[in-house]
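Structure file my_file-v2.txt; described as compact mmCIF, C-alpha atoms and all ligand atoms.
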# COMPACT_ATOMS: atom_id res chain seq x y z
CA MET A 143 140.50 156.93 138.38
CA LYS A 144 136.70 156.95 138.28
CA GLN A 145 134.72 158.31 141.22
CA ARG A 146 132.52 155.81 143.04
CA LEU A 147 128.77 155.38 143.37
CA PHE A 148 126.81 153.29 145.85
CA SER A 149 123.08 152.55 145.93
CA GLY A 150 120.72 149.72 146.83
CA ILE A 151 117.16 148.49 147.06
CA GLN A 152 115.54 146.21 149.63
CA PRO A 153 114.17 142.86 148.46
CA SER A 154 111.14 143.52 150.64
CA GLY A 155 108.58 143.07 147.88
CA GLU A 156 108.13 143.46 144.16
CA LEU A 157 109.86 146.37 142.45
CA HIS A 158 107.54 149.22 141.46
CA ILE A 159 107.94 152.05 138.96
CA GLY A 160 108.73 154.46 141.83
CA ASN A 161 111.83 152.39 142.64
CA TYR A 162 112.70 152.31 138.95
CA ILE A 163 112.28 156.04 138.35
CA GLY A 164 113.71 157.20 141.69
CA ALA A 165 116.69 154.85 141.77
CA ILE A 166 117.45 152.47 138.88
CA LYS A 167 116.84 154.96 136.06
CA GLN A 168 119.41 157.27 137.63
CA TRP A 169 121.90 154.42 138.08
CA LEU A 170 121.85 153.65 134.38
CA GLY A 171 122.91 157.20 133.58
CA PHE A 172 125.91 156.93 135.90
CA GLN A 173 127.03 153.38 135.21
CA GLU A 174 129.54 154.29 132.50
CA SER A 175 131.15 157.23 134.26
CA TYR A 176 131.30 155.92 137.86
CA GLU A 177 132.73 152.81 139.47
CA SER A 178 129.36 151.60 140.70
CA PHE A 179 128.29 149.35 143.57
CA PHE A 180 124.67 148.23 143.29
CA CYS A 181 123.52 146.34 146.34
CA ILE A 182 120.48 144.21 147.18
CA VAL A 183 120.03 145.19 150.80
CA ASP A 184 118.53 142.06 152.33
CA LEU A 185 119.70 142.88 155.89
CA HIS A 186 117.49 145.96 155.71
CA ALA A 187 114.55 143.88 154.51
CA ILE A 188 114.45 141.79 157.71
CA THR A 189 113.68 144.86 159.84
CA VAL A 190 110.14 143.93 158.81
CA ARG A 191 109.17 140.27 159.32
CA GLN A 192 109.79 138.28 156.11
CA ASP A 193 108.99 134.75 155.07
CA PRO A 194 112.49 133.16 154.68
CA ALA A 195 111.86 131.31 151.40
CA LYS A 196 110.11 134.32 149.93
CA LEU A 197 112.90 136.66 150.96
CA ARG A 198 115.46 134.49 149.18
CA GLU A 199 113.24 134.39 146.11
CA GLN A 200 112.75 138.17 146.18
CA THR A 201 116.50 138.67 146.39
CA ARG A 202 116.95 136.65 143.19
CA LYS A 203 114.08 138.46 141.54
CA LEU A 204 115.55 141.83 142.41
CA ALA A 205 118.94 140.80 141.01
CA SER A 206 117.18 139.72 137.80
CA TRP A 207 115.40 143.08 137.59
CA TYR A 208 118.71 144.91 138.05
CA LEU A 209 120.11 142.98 135.09
CA ALA A 210 116.96 143.31 132.99
CA CYS A 211 116.93 147.07 133.55
CA GLY A 212 120.49 147.32 132.25
CA ILE A 213 122.87 146.93 135.18
CA ASP A 214 125.94 145.35 133.62
CA PRO A 215 127.79 143.07 136.09
CA GLU A 216 130.94 143.35 133.96
CA LYS A 217 131.05 147.14 134.45
CA SER A 218 129.50 147.44 137.90
CA THR A 219 129.58 145.48 141.14
CA MET A 220 126.15 143.96 141.79
CA PHE A 221 125.95 142.09 145.09
CA VAL A 222 123.81 140.95 148.01
CA GLN A 223 124.42 142.79 151.29
CA SER A 224 124.44 139.66 153.49
CA ASP A 225 127.25 138.21 151.32
CA VAL A 226 129.52 140.97 152.66
CA PRO A 227 129.88 140.66 156.47
CA ALA A 228 131.67 144.02 156.77
CA HIS A 229 128.29 145.80 156.46
CA ALA A 230 127.09 144.40 159.80
CA GLN A 231 130.54 144.74 161.41
CA MET A 232 130.90 148.39 160.43
CA THR A 233 127.38 149.07 161.70
CA TRP A 234 128.49 148.15 165.21
CA VAL A 235 131.35 150.64 165.13
CA PHE A 236 129.02 153.33 163.72
CA ASN A 237 126.44 152.61 166.44
CA THR A 238 128.93 153.96 168.93
CA PHE A 239 129.22 157.17 166.90
CA THR A 240 125.47 157.77 166.58
CA GLN A 241 123.17 159.37 169.10
CA MET A 242 119.75 157.97 170.00
CA GLY A 243 118.20 161.40 169.33
CA GLU A 244 119.47 161.40 165.74
CA LEU A 245 117.74 158.12 164.99
CA GLN A 246 114.57 159.15 166.78
CA ARG A 247 114.24 162.04 164.33
CA MET A 248 114.30 159.84 161.22
CA THR A 249 111.07 160.16 159.25
CA GLN A 250 111.20 156.64 157.87
CA TYR A 251 111.56 155.19 161.38
CA LYS A 252 108.56 157.18 162.55
CA ASP A 253 106.47 156.08 159.56
CA LYS A 254 107.51 152.43 159.72
CA SER A 255 107.02 152.13 163.46
CA LYS A 256 103.44 153.31 162.96
CA GLN A 257 103.00 150.88 160.07
CA HIS A 258 104.48 147.95 162.06
CA ALA A 259 103.38 148.87 165.59
CA GLU A 260 103.46 145.18 166.59
CA ASN A 261 107.17 144.86 165.75
CA ILE A 262 109.17 148.02 166.46
CA ASN A 263 112.45 146.16 166.64
CA VAL A 264 115.90 147.60 167.29
CA GLY A 265 116.85 146.87 163.67
CA LEU A 266 114.11 149.18 162.42
CA PHE A 267 115.51 151.91 164.67
CA ASP A 268 119.11 151.20 163.64
CA TYR A 269 118.34 150.96 159.91
CA PRO A 270 119.97 154.32 159.04
CA VAL A 271 123.23 153.29 160.74
CA LEU A 272 123.35 150.09 158.68
CA MET A 273 122.70 152.26 155.63
CA ALA A 274 125.58 154.55 156.63
CA ALA A 275 127.82 151.46 156.80
CA ASP A 276 126.56 150.28 153.38
CA ILE A 277 127.56 153.59 151.87
CA LEU A 278 130.75 154.55 153.71
CA LEU A 279 132.43 151.16 153.24
CA TYR A 280 132.82 151.99 149.55
CA ASP A 281 133.88 155.68 149.74
CA PRO A 282 131.35 156.71 147.11
CA GLU A 283 131.17 160.35 145.99
CA ILE A 284 127.50 159.96 145.06
CA VAL A 285 124.46 158.01 146.27
CA PRO A 286 121.64 158.20 143.69
CA VAL A 287 118.36 157.42 145.49
CA GLY A 288 114.81 158.71 145.81
CA GLU A 289 114.11 161.73 147.96
CA ASP A 290 112.80 159.61 150.87
CA GLN A 291 116.38 158.48 151.53
CA LYS A 292 117.93 161.95 151.67
CA GLN A 293 117.74 162.19 155.46
CA HIS A 294 119.61 158.89 155.82
CA ILE A 295 122.43 160.11 153.58
CA GLU A 296 122.75 163.24 155.71
CA LEU A 297 123.21 160.97 158.72
CA ALA A 298 125.90 158.99 156.87
CA ARG A 299 127.71 162.27 156.18
CA ASP A 300 127.43 163.24 159.86
CA ILE A 301 128.87 159.90 161.00
CA ALA A 302 131.69 160.18 158.45
CA THR A 303 132.51 163.73 159.54
CA ARG A 304 132.44 162.74 163.21
CA MET A 305 134.83 159.86 162.67
CA ASN A 306 137.12 161.90 160.41
CA ASN A 307 137.31 164.53 163.15
CA ALA A 308 137.72 162.03 165.97
CA TYR A 309 140.70 160.36 164.35
CA GLY A 310 142.17 163.41 162.68
CA ARG A 311 142.23 162.00 159.19
CA GLU A 312 140.17 161.52 156.04
CA LEU A 313 138.93 158.06 156.91
CA PHE A 314 135.78 158.46 154.81
CA VAL A 315 134.79 160.30 151.66
CA LEU A 316 131.66 162.42 152.31
CA PRO A 317 128.92 161.01 150.05
CA LYS A 318 126.45 163.29 148.24
CA TYR A 319 122.75 162.62 147.74
CA VAL A 320 121.86 162.68 144.05
CA GLY A 321 118.20 162.80 143.06
CA GLN A 322 116.26 163.61 139.92
CA LYS A 323 114.52 166.93 139.37
CA GLU A 324 111.40 165.08 138.32
CA GLY A 325 110.57 161.66 139.71
CA ALA A 326 112.51 161.95 142.96
CA ARG A 327 109.26 161.10 144.74
CA VAL A 328 106.73 159.17 142.68
CA MET A 329 103.38 159.30 144.44
CA GLY A 330 100.77 156.58 144.92
CA LEU A 331 98.24 156.14 142.09
CA ASP A 332 95.50 155.87 144.69
CA ASN A 333 96.74 158.82 146.75
CA PRO A 334 98.94 161.51 145.22
CA GLU A 335 99.73 162.86 148.69
CA LYS A 336 101.71 159.75 149.72
CA LYS A 337 104.72 158.16 148.05
CA MET A 338 104.33 155.03 145.99
CA SER A 339 105.51 152.18 148.20
CA LYS A 340 106.06 148.42 148.00
CA SER A 341 104.36 147.99 151.33
CA ALA A 342 101.37 150.24 150.60
CA GLY A 343 98.16 148.71 151.87
CA SER A 344 96.48 148.62 148.45
CA GLU A 345 97.63 147.20 145.12
CA TRP A 346 96.05 150.24 143.41
CA ASN A 347 98.90 152.30 144.91
CA TYR A 348 101.60 151.10 142.54
CA ILE A 349 102.50 149.59 139.20
CA LEU A 350 104.93 146.71 139.56
CA LEU A 351 107.53 145.95 136.93
CA SER A 352 106.00 142.46 136.89
CA ASP A 353 102.40 143.60 136.30
CA THR A 354 100.68 142.16 133.24
CA ALA A 355 99.37 144.47 130.51
CA ASP A 356 95.83 143.91 131.76
CA VAL A 357 96.69 144.87 135.31
CA VAL A 358 98.63 147.96 134.19
CA ALA A 359 95.64 149.15 132.15
CA LYS A 360 93.27 148.57 135.09
CA LYS A 361 95.53 150.34 137.59
CA ILE A 362 95.93 153.39 135.37
CA LYS A 363 92.21 153.49 134.69
CA ARG A 364 91.54 153.50 138.45
CA ALA A 365 94.25 156.06 139.26
CA VAL A 366 92.96 159.07 141.18
CA THR A 367 92.64 162.30 139.11
CA ASP A 368 92.08 165.93 140.06
CA THR A 369 88.65 167.56 140.18
CA ASP A 370 88.75 169.34 136.80
CA THR A 371 89.27 167.61 133.46
CA VAL A 372 92.40 169.29 132.06
CA VAL A 373 95.56 167.26 131.38
CA ARG A 374 98.09 169.62 132.93
CA ALA A 375 100.75 169.52 135.66
CA GLY A 376 100.86 172.12 138.44
CA ASP A 377 100.87 172.61 142.19
CA ASP A 378 97.08 172.66 142.17
CA LYS A 379 96.97 169.30 140.33
CA PRO A 380 98.91 166.71 142.36
CA ALA A 381 97.33 163.64 140.73
CA LEU A 382 97.90 164.73 137.11
CA THR A 383 101.37 166.02 137.94
CA ASN A 384 102.24 162.57 139.24
CA LEU A 385 100.77 160.71 136.24
CA LEU A 386 102.42 163.08 133.76
CA THR A 387 105.75 162.71 135.56
CA ILE A 388 105.59 158.91 135.39
CA TYR A 389 104.48 159.02 131.72
CA SER A 390 107.28 161.45 130.88
CA MET A 391 110.02 159.61 132.80
CA LEU A 392 109.24 156.31 131.11
CA THR A 393 108.80 157.58 127.55
CA GLY A 394 111.30 160.44 127.45
CA THR A 395 108.57 162.82 126.17
CA SER A 396 108.61 166.06 128.16
CA ILE A 397 105.63 166.98 130.34
CA ALA A 398 105.08 170.09 128.18
CA ASP A 399 104.84 167.92 125.04
CA LEU A 400 102.46 165.51 126.74
CA GLU A 401 100.28 168.44 127.79
CA LYS A 402 100.17 169.58 124.14
CA GLN A 403 99.45 166.06 122.93
CA TYR A 404 96.43 165.80 125.26
CA ALA A 405 95.20 169.41 125.02
CA GLY A 406 91.43 169.44 124.61
CA LYS A 407 91.19 165.72 125.41
CA GLY A 408 89.87 164.30 128.67
CA TYR A 409 91.36 162.02 131.29
CA GLY A 410 90.00 158.95 129.47
CA ASP A 411 92.15 159.49 126.37
CA PHE A 412 95.12 160.44 128.50
CA LYS A 413 94.87 157.29 130.61
CA THR A 414 94.48 155.07 127.53
CA GLY A 415 97.60 156.64 125.99
CA MET A 416 99.53 156.35 129.22
CA ALA A 417 98.57 152.69 129.69
CA GLU A 418 99.64 151.86 126.12
CA ALA A 419 102.98 153.61 126.59
CA MET A 420 103.65 151.86 129.89
CA ILE A 421 102.76 148.44 128.55
CA ALA A 422 105.07 148.99 125.57
CA TRP A 423 107.87 150.06 127.93
CA LEU A 424 107.39 147.09 130.25
CA ALA A 425 107.17 144.32 127.64
CA PRO A 426 110.87 144.08 126.64
CA LEU A 427 111.93 144.52 130.26
CA GLN A 428 109.77 141.61 131.35
CA GLU A 429 111.16 139.45 128.55
CA LYS A 430 114.73 140.09 129.71
CA TYR A 431 113.76 139.50 133.32
CA ALA A 432 112.36 136.07 132.42
CA ILE A 433 115.64 135.14 130.73
CA TYR A 434 117.66 135.92 133.89
CA MET A 435 115.17 134.19 136.19
CA ASN A 436 115.34 131.09 134.01
CA ASP A 437 119.13 130.87 134.25
CA PRO A 438 119.83 130.49 137.99
CA ALA A 439 123.42 129.33 137.42
CA GLU A 440 124.29 132.52 135.54
CA LEU A 441 122.59 134.65 138.19
CA ASP A 442 124.58 132.85 140.92
CA ARG A 443 127.79 133.46 139.01
CA ALA A 444 127.06 137.18 138.66
CA LEU A 445 126.20 137.51 142.38
CA SER A 446 129.28 135.52 143.48
CA ARG A 447 131.53 137.68 141.34
CA GLY A 448 129.89 140.79 142.77
CA ALA A 449 130.28 139.56 146.36
CA GLN A 450 133.96 138.88 145.77
CA LYS A 451 134.57 142.38 144.39
CA ALA A 452 132.53 144.06 147.14
CA ASN A 453 134.20 142.03 149.91
CA ALA A 454 137.66 143.08 148.72
CA VAL A 455 136.80 146.79 148.99
CA ALA A 456 134.69 146.55 152.16
CA GLN A 457 137.14 144.40 154.14
CA GLN A 458 139.97 146.79 153.44
CA LYS A 459 137.89 149.71 154.67
CA LEU A 460 136.81 147.82 157.78
CA HIS A 461 140.43 146.95 158.48
CA ASN A 462 141.43 150.64 158.24
CA VAL A 463 138.65 151.62 160.64
CA TYR A 464 139.50 148.84 163.11
CA GLN A 465 143.10 150.05 163.05
CA VAL A 466 142.31 153.63 163.99
CA VAL A 467 139.66 152.67 166.53
CA GLY A 468 142.00 150.21 168.25
CA LEU A 469 140.31 146.96 167.28
CA GLY A 470 142.02 143.84 165.99
CA ARG A 471 145.75 143.25 166.00
N1 LIG B 501 107.85 156.52 145.47
C1 LIG B 501 109.14 156.62 145.17
N2 LIG B 501 109.58 157.56 144.33
C2 LIG B 501 110.90 157.68 144.01
N3 LIG B 501 111.84 156.84 144.51
C3 LIG B 501 111.43 155.88 145.35
N4 LIG B 501 112.09 154.92 146.02
C4 LIG B 501 111.23 154.20 146.75
N5 LIG B 501 109.99 154.66 146.60
C5 LIG B 501 110.08 155.71 145.74
C6 LIG B 501 113.52 154.71 145.91
O1 LIG B 501 113.73 153.35 145.57
C7 LIG B 501 114.92 152.91 146.18
C8 LIG B 501 114.69 151.64 146.92
O2 LIG B 501 113.91 151.82 148.04
P1 LIG B 501 113.94 150.70 149.19
O3 LIG B 501 113.41 149.44 148.70
O4 LIG B 501 115.28 150.58 149.74
O5 LIG B 501 113.04 151.29 150.30
P2 LIG B 501 111.91 152.31 150.31
O6 LIG B 501 112.43 153.66 149.99
O7 LIG B 501 111.29 152.18 151.65
O8 LIG B 501 110.98 151.81 149.12
P3 LIG B 501 109.51 151.31 149.16
O9 LIG B 501 109.16 150.86 147.81
O10 LIG B 501 108.62 152.33 149.74
O11 LIG B 501 109.57 150.04 150.06
P4 LIG B 501 108.89 149.72 151.42
O12 LIG B 501 107.44 149.85 151.18
O13 LIG B 501 109.34 148.32 151.71
O14 LIG B 501 109.38 150.70 152.43
C9 LIG B 501 115.44 154.05 147.06
O15 LIG B 501 116.41 154.77 146.33
C10 LIG B 501 114.22 154.88 147.25
O16 LIG B 501 114.53 156.24 147.50

Have the structure of the file written as structure tokens, please.
Amino acid sequence: MKQRLFSGIQPSGELHIGNYIGAIKQWLGFQESYESFFCIVDLHAITVRQDPAKLREQTRKLASWYLACGIDPEKSTMFVQSDVPAHAQMTWVFNTFTQMGELQRMTQYKDKSKQHAENINVGLFDYPVLMAADILLYDPEIVPVGEDQKQHIELARDIATRMNNAYGRELFVLPKYVGQKEGARVMGLDNPEKKMSKSAGSEWNYILLSDTADVVAKKIKRAVTDTDTVVRAGDDKPALTNLLTIYSMLTGTSIADLEKQYAGKGYGDFKTGMAEAMIAWLAPLQEKYAIYMNDPAELDRALSRGAQKANAVAQQKLHNVYQVVGLGR
């Protein structure tokens, strides 16, 4: 029997290359060898106020990107979180096994409550518990995500261990964080000290998978560089390290080879080459994406099939937990 994998992305905005490199690129490498559950986590997205019609549209767009990037709904289970009620139900049980102090320590909560000071809702605080439910419902051995999510996976492991100990049995498999050596944290193009983010204040922060060739070229041209002029990665060169990492992750050329290729050339040549490579990488992806977006019936079928498969696994797990906790009949 194959081991399991769970991962997801919020439909809280357009997908950027950080999401692709940190999450989806990893998924593709595991899809054949793991029984994979790829979720569109729309319940997480509403922890920040969303326009309802736009949220629905973004959910469909994200599903289309999953497919365009190579997620195969015949091999993997691709589904929308709100189609599987067990995620919210399990969250309630987990809430009673989580301490306030644990959630107060979460970096993402601290960052997001600063970013959305006008709406620090309970959902934002409870986000990691919902994420623990997302994961533990499927007993995955691995959770391939970007580095920013590592702390949340540790919490999921703590909750699983606590419940396993409380009920004297292996109720849950302990999931492992899996990240990439390079690209686990893609940084903003406008600020290499902060991670690239969908909700960054400026559009110069990220490259979206939906960006046109023109926009990609402009964004790369405006990307922050380091003070000298050498195309090289290193601790003293955060901006170039980030650009070289992105370039390398999307083309498969190693950073060392890119450094050789651009030795003696300035940032101008490097940025032109990088823009051309990115545009060439994006073009076929965008074509596939358009095909899925233009076939809503097929997308609905894939998501319904996914919801059915996910519900079967998740409901069984919820039932087992209810049994040991003393809920239900
Ligand atoms: N900059 C990044 N580098 C590497 N991986 C990243 N991920 C996000 N940003 C980077 C990974 O993408 C997956 C989906 O993330 P998410 O949508 O669930 O939430 P997030 O981590 O909060 O992503 P964003 O883009 O920054 O969204 P907003 O701005 O809405 O918060 C995860 O695996 C994440 O690690």

Checklist line | Cut-off 6 Å, all atoms listed in the file, neighbours of ligand LIG 501 (chain B) as a count of residues only | finding: 22

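A straight line drawn from CA of Tyr280 (chain A) to CA of Asp253 (chain A) is 28.5 Å long.
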
So that all listed atoms of region 335-341 of chain A fit with 8 Å spare on each side, what axis-aligned box centre and edge lengths in Å, to one decimal, would you give as JSON?
{"center_x": 102.9, "center_y": 155.4, "center_z": 148.7, "size_x": 22.3, "size_y": 30.9, "size_z": 21.3}

Check: Closest to Lys318 (chain A) among A:Trp423, A:Tyr434, A:Trp346, A:Phe148, using all atoms listed in the file?
Finding: A:Phe148

I'd like a table as CSV: residues in region 159-180 of chain A with an atom no more than 10 Å from region 203-220 of chain A, each row giving the shortest atom pair and its distance in Å to one decimal, all atoms listed in the file counted, sorted by chain and rising residue number.
residue,atom,partner,partner_atom,distance
A:Tyr162,CA,A:Cys211,CA,8.6
A:Ile166,CA,A:Cys211,CA,7.6
A:Lys167,CA,A:Cys211,CA,8.3
A:Trp169,CA,A:Ile213,CA,8.1
A:Leu170,CA,A:Gly212,CA,6.8
A:Gln173,CA,A:Ser218,CA,7.0
A:Glu174,CA,A:Lys217,CA,7.6
A:Tyr176,CA,A:Ser218,CA,8.7
A:Glu177,CA,A:Ser218,CA,6.5
A:Ser178,CA,A:Ser218,CA,5.0
A:Phe179,CA,A:Thr219,CA,4.7
A:Phe180,CA,A:Met220,CA,4.8

Residues as selected, C-alpha atoms, written as an mmCIF file, in the frame of the given file, can you do that?
data_model
loop_
_atom_site.group_PDB
_atom_site.id
_atom_site.type_symbol
_atom_site.label_atom_id
_atom_site.label_comp_id
_atom_site.auth_asym_id
_atom_site.auth_seq_id
_atom_site.Cartn_x
_atom_site.Cartn_y
_atom_site.Cartn_z
ATOM 1 C CA TYR A 162 112.700 152.310 138.950
ATOM 2 C CA ILE A 166 117.450 152.470 138.880
ATOM 3 C CA LYS A 167 116.840 154.960 136.060
ATOM 4 C CA TRP A 169 121.900 154.420 138.080
ATOM 5 C CA LEU A 170 121.850 153.650 134.380
ATOM 6 C CA GLN A 173 127.030 153.380 135.210
ATOM 7 C CA GLU A 174 129.540 154.290 132.500
ATOM 8 C CA TYR A 176 131.300 155.920 137.860
ATOM 9 C CA GLU A 177 132.730 152.810 139.470
ATOM 10 C CA SER A 178 129.360 151.600 140.700
ATOM 11 C CA PHE A 179 128.290 149.350 143.570
ATOM 12 C CA PHE A 180 124.670 148.230 143.290
#

For the structure just given, write the atoms of region 188-271 of chain A, namely C-alpha atoms, as a PDB file, in the first residue's frame.
ATOM      1  CA  ILE A 188     -12.310  33.258   4.862  1.00  0.00           C
ATOM      2  CA  THR A 189     -10.178  34.047   7.922  1.00  0.00           C
ATOM      3  CA  VAL A 190      -9.500  37.188   5.895  1.00  0.00           C
ATOM      4  CA  ARG A 191     -12.587  38.972   4.518  1.00  0.00           C
ATOM      5  CA  GLN A 192     -13.322  37.767   0.959  1.00  0.00           C
ATOM      6  CA  ASP A 193     -15.770  38.874  -1.679  1.00  0.00           C
ATOM      7  CA  PRO A 194     -18.109  35.816  -2.015  1.00  0.00           C
ATOM      8  CA  ALA A 195     -18.309  35.730  -5.827  1.00  0.00           C
ATOM      9  CA  LYS A 196     -14.582  36.303  -6.126  1.00  0.00           C
ATOM     10  CA  LEU A 197     -13.794  33.574  -3.618  1.00  0.00           C
ATOM     11  CA  ARG A 198     -15.823  31.068  -5.625  1.00  0.00           C
ATOM     12  CA  GLU A 199     -14.074  32.171  -8.795  1.00  0.00           C
ATOM     13  CA  GLN A 200     -10.650  31.908  -7.151  1.00  0.00           C
ATOM     14  CA  THR A 201     -11.463  28.395  -5.989  1.00  0.00           C
ATOM     15  CA  ARG A 202     -12.169  27.364  -9.586  1.00  0.00           C
ATOM     16  CA  LYS A 203      -9.077  29.154 -10.804  1.00  0.00           C
ATOM     17  CA  LEU A 204      -6.916  27.398  -8.245  1.00  0.00           C
ATOM     18  CA  ALA A 205      -8.354  24.012  -9.243  1.00  0.00           C
ATOM     19  CA  SER A 206      -7.550  24.848 -12.879  1.00  0.00           C
ATOM     20  CA  TRP A 207      -3.982  25.769 -11.932  1.00  0.00           C
ATOM     21  CA  TYR A 208      -3.590  22.488 -10.044  1.00  0.00           C
ATOM     22  CA  LEU A 209      -4.606  20.633 -13.199  1.00  0.00           C
ATOM     23  CA  ALA A 210      -2.551  22.825 -15.529  1.00  0.00           C
ATOM     24  CA  CYS A 211       0.533  22.291 -13.371  1.00  0.00           C
ATOM     25  CA  GLY A 212       0.125  18.525 -13.674  1.00  0.00           C
ATOM     26  CA  ILE A 213      -2.051  17.316 -10.810  1.00  0.00           C
ATOM     27  CA  ASP A 214      -3.811  14.286 -12.247  1.00  0.00           C
ATOM     28  CA  PRO A 215      -7.298  13.798 -10.732  1.00  0.00           C
ATOM     29  CA  GLU A 216      -7.239  10.147 -11.824  1.00  0.00           C
ATOM     30  CA  LYS A 217      -4.149   9.455  -9.700  1.00  0.00           C
ATOM     31  CA  SER A 218      -4.688  11.928  -6.867  1.00  0.00           C
ATOM     32  CA  THR A 219      -7.626  13.256  -4.892  1.00  0.00           C
ATOM     33  CA  MET A 220      -8.135  16.946  -5.693  1.00  0.00           C
ATOM     34  CA  PHE A 221     -10.934  18.539  -3.689  1.00  0.00           C
ATOM     35  CA  VAL A 222     -12.344  21.675  -2.077  1.00  0.00           C
ATOM     36  CA  GLN A 223     -12.152  21.783   1.721  1.00  0.00           C
ATOM     37  CA  SER A 224     -15.711  23.074   2.264  1.00  0.00           C
ATOM     38  CA  ASP A 225     -17.048  20.067   0.296  1.00  0.00           C
ATOM     39  CA  VAL A 226     -15.846  17.835   3.144  1.00  0.00           C
ATOM     40  CA  PRO A 227     -17.649  18.767   6.404  1.00  0.00           C
ATOM     41  CA  ALA A 228     -15.377  16.542   8.521  1.00  0.00           C
ATOM     42  CA  HIS A 229     -12.650  19.234   8.362  1.00  0.00           C
ATOM     43  CA  ALA A 230     -14.751  21.672  10.406  1.00  0.00           C
ATOM     44  CA  GLN A 231     -16.128  18.914  12.664  1.00  0.00           C
ATOM     45  CA  MET A 232     -12.682  17.549  13.505  1.00  0.00           C
ATOM     46  CA  THR A 233     -11.465  21.092  14.200  1.00  0.00           C
ATOM     47  CA  TRP A 234     -13.926  21.344  17.081  1.00  0.00           C
ATOM     48  CA  VAL A 235     -12.605  18.180  18.698  1.00  0.00           C
ATOM     49  CA  PHE A 236      -9.000  19.364  18.186  1.00  0.00           C
ATOM     50  CA  ASN A 237      -9.838  22.761  19.716  1.00  0.00           C
ATOM     51  CA  THR A 238     -10.360  20.968  22.995  1.00  0.00           C
ATOM     52  CA  PHE A 239      -6.891  19.428  22.712  1.00  0.00           C
ATOM     53  CA  THR A 240      -5.081  22.695  21.930  1.00  0.00           C
ATOM     54  CA  GLN A 241      -3.897  25.310  24.380  1.00  0.00           C
ATOM     55  CA  MET A 242      -4.391  29.043  23.850  1.00  0.00           C
ATOM     56  CA  GLY A 243      -0.665  29.598  24.469  1.00  0.00           C
ATOM     57  CA  GLU A 244       0.275  27.283  21.601  1.00  0.00           C
ATOM     58  CA  LEU A 245      -1.772  29.295  19.140  1.00  0.00           C
ATOM     59  CA  GLN A 246      -0.552  32.606  20.513  1.00  0.00           C
ATOM     60  CA  ARG A 247       2.988  31.569  19.593  1.00  0.00           C
ATOM     61  CA  MET A 248       2.212  30.962  15.912  1.00  0.00           C
ATOM     62  CA  THR A 249       4.232  33.269  13.685  1.00  0.00           C
ATOM     63  CA  GLN A 250       1.629  33.406  10.937  1.00  0.00           C
ATOM     64  CA  TYR A 251      -1.058  34.468  13.426  1.00  0.00           C
ATOM     65  CA  LYS A 252       1.182  37.230  14.733  1.00  0.00           C
ATOM     66  CA  ASP A 253       1.985  38.443  11.203  1.00  0.00           C
ATOM     67  CA  LYS A 254      -1.587  38.239   9.932  1.00  0.00           C
ATOM     68  CA  SER A 255      -3.090  39.940  12.963  1.00  0.00           C
ATOM     69  CA  LYS A 256      -0.758  42.871  12.325  1.00  0.00           C
ATOM     70  CA  GLN A 257      -1.670  42.844   8.634  1.00  0.00           C
ATOM     71  CA  HIS A 258      -5.431  42.681   9.374  1.00  0.00           C
ATOM     72  CA  ALA A 259      -5.602  44.635  12.640  1.00  0.00           C
ATOM     73  CA  GLU A 260      -9.225  45.598  11.891  1.00  0.00           C
ATOM     74  CA  ASN A 261     -10.346  41.956  11.767  1.00  0.00           C
ATOM     75  CA  ILE A 262      -8.468  39.703  14.193  1.00  0.00           C
ATOM     76  CA  ASN A 263     -11.193  37.081  14.191  1.00  0.00           C
ATOM     77  CA  VAL A 264     -11.251  33.795  16.102  1.00  0.00           C
ATOM     78  CA  GLY A 265     -10.835  31.917  12.810  1.00  0.00           C
ATOM     79  CA  LEU A 266      -7.495  33.611  12.185  1.00  0.00           C
ATOM     80  CA  PHE A 267      -6.388  32.485  15.646  1.00  0.00           C
ATOM     81  CA  ASP A 268      -7.746  28.957  15.164  1.00  0.00           C
ATOM     82  CA  TYR A 269      -6.329  28.546  11.643  1.00  0.00           C
ATOM     83  CA  PRO A 270      -3.572  26.092  12.709  1.00  0.00           C
ATOM     84  CA  VAL A 271      -6.127  23.806  14.396  1.00  0.00           C
TER      85      VAL A 271
END
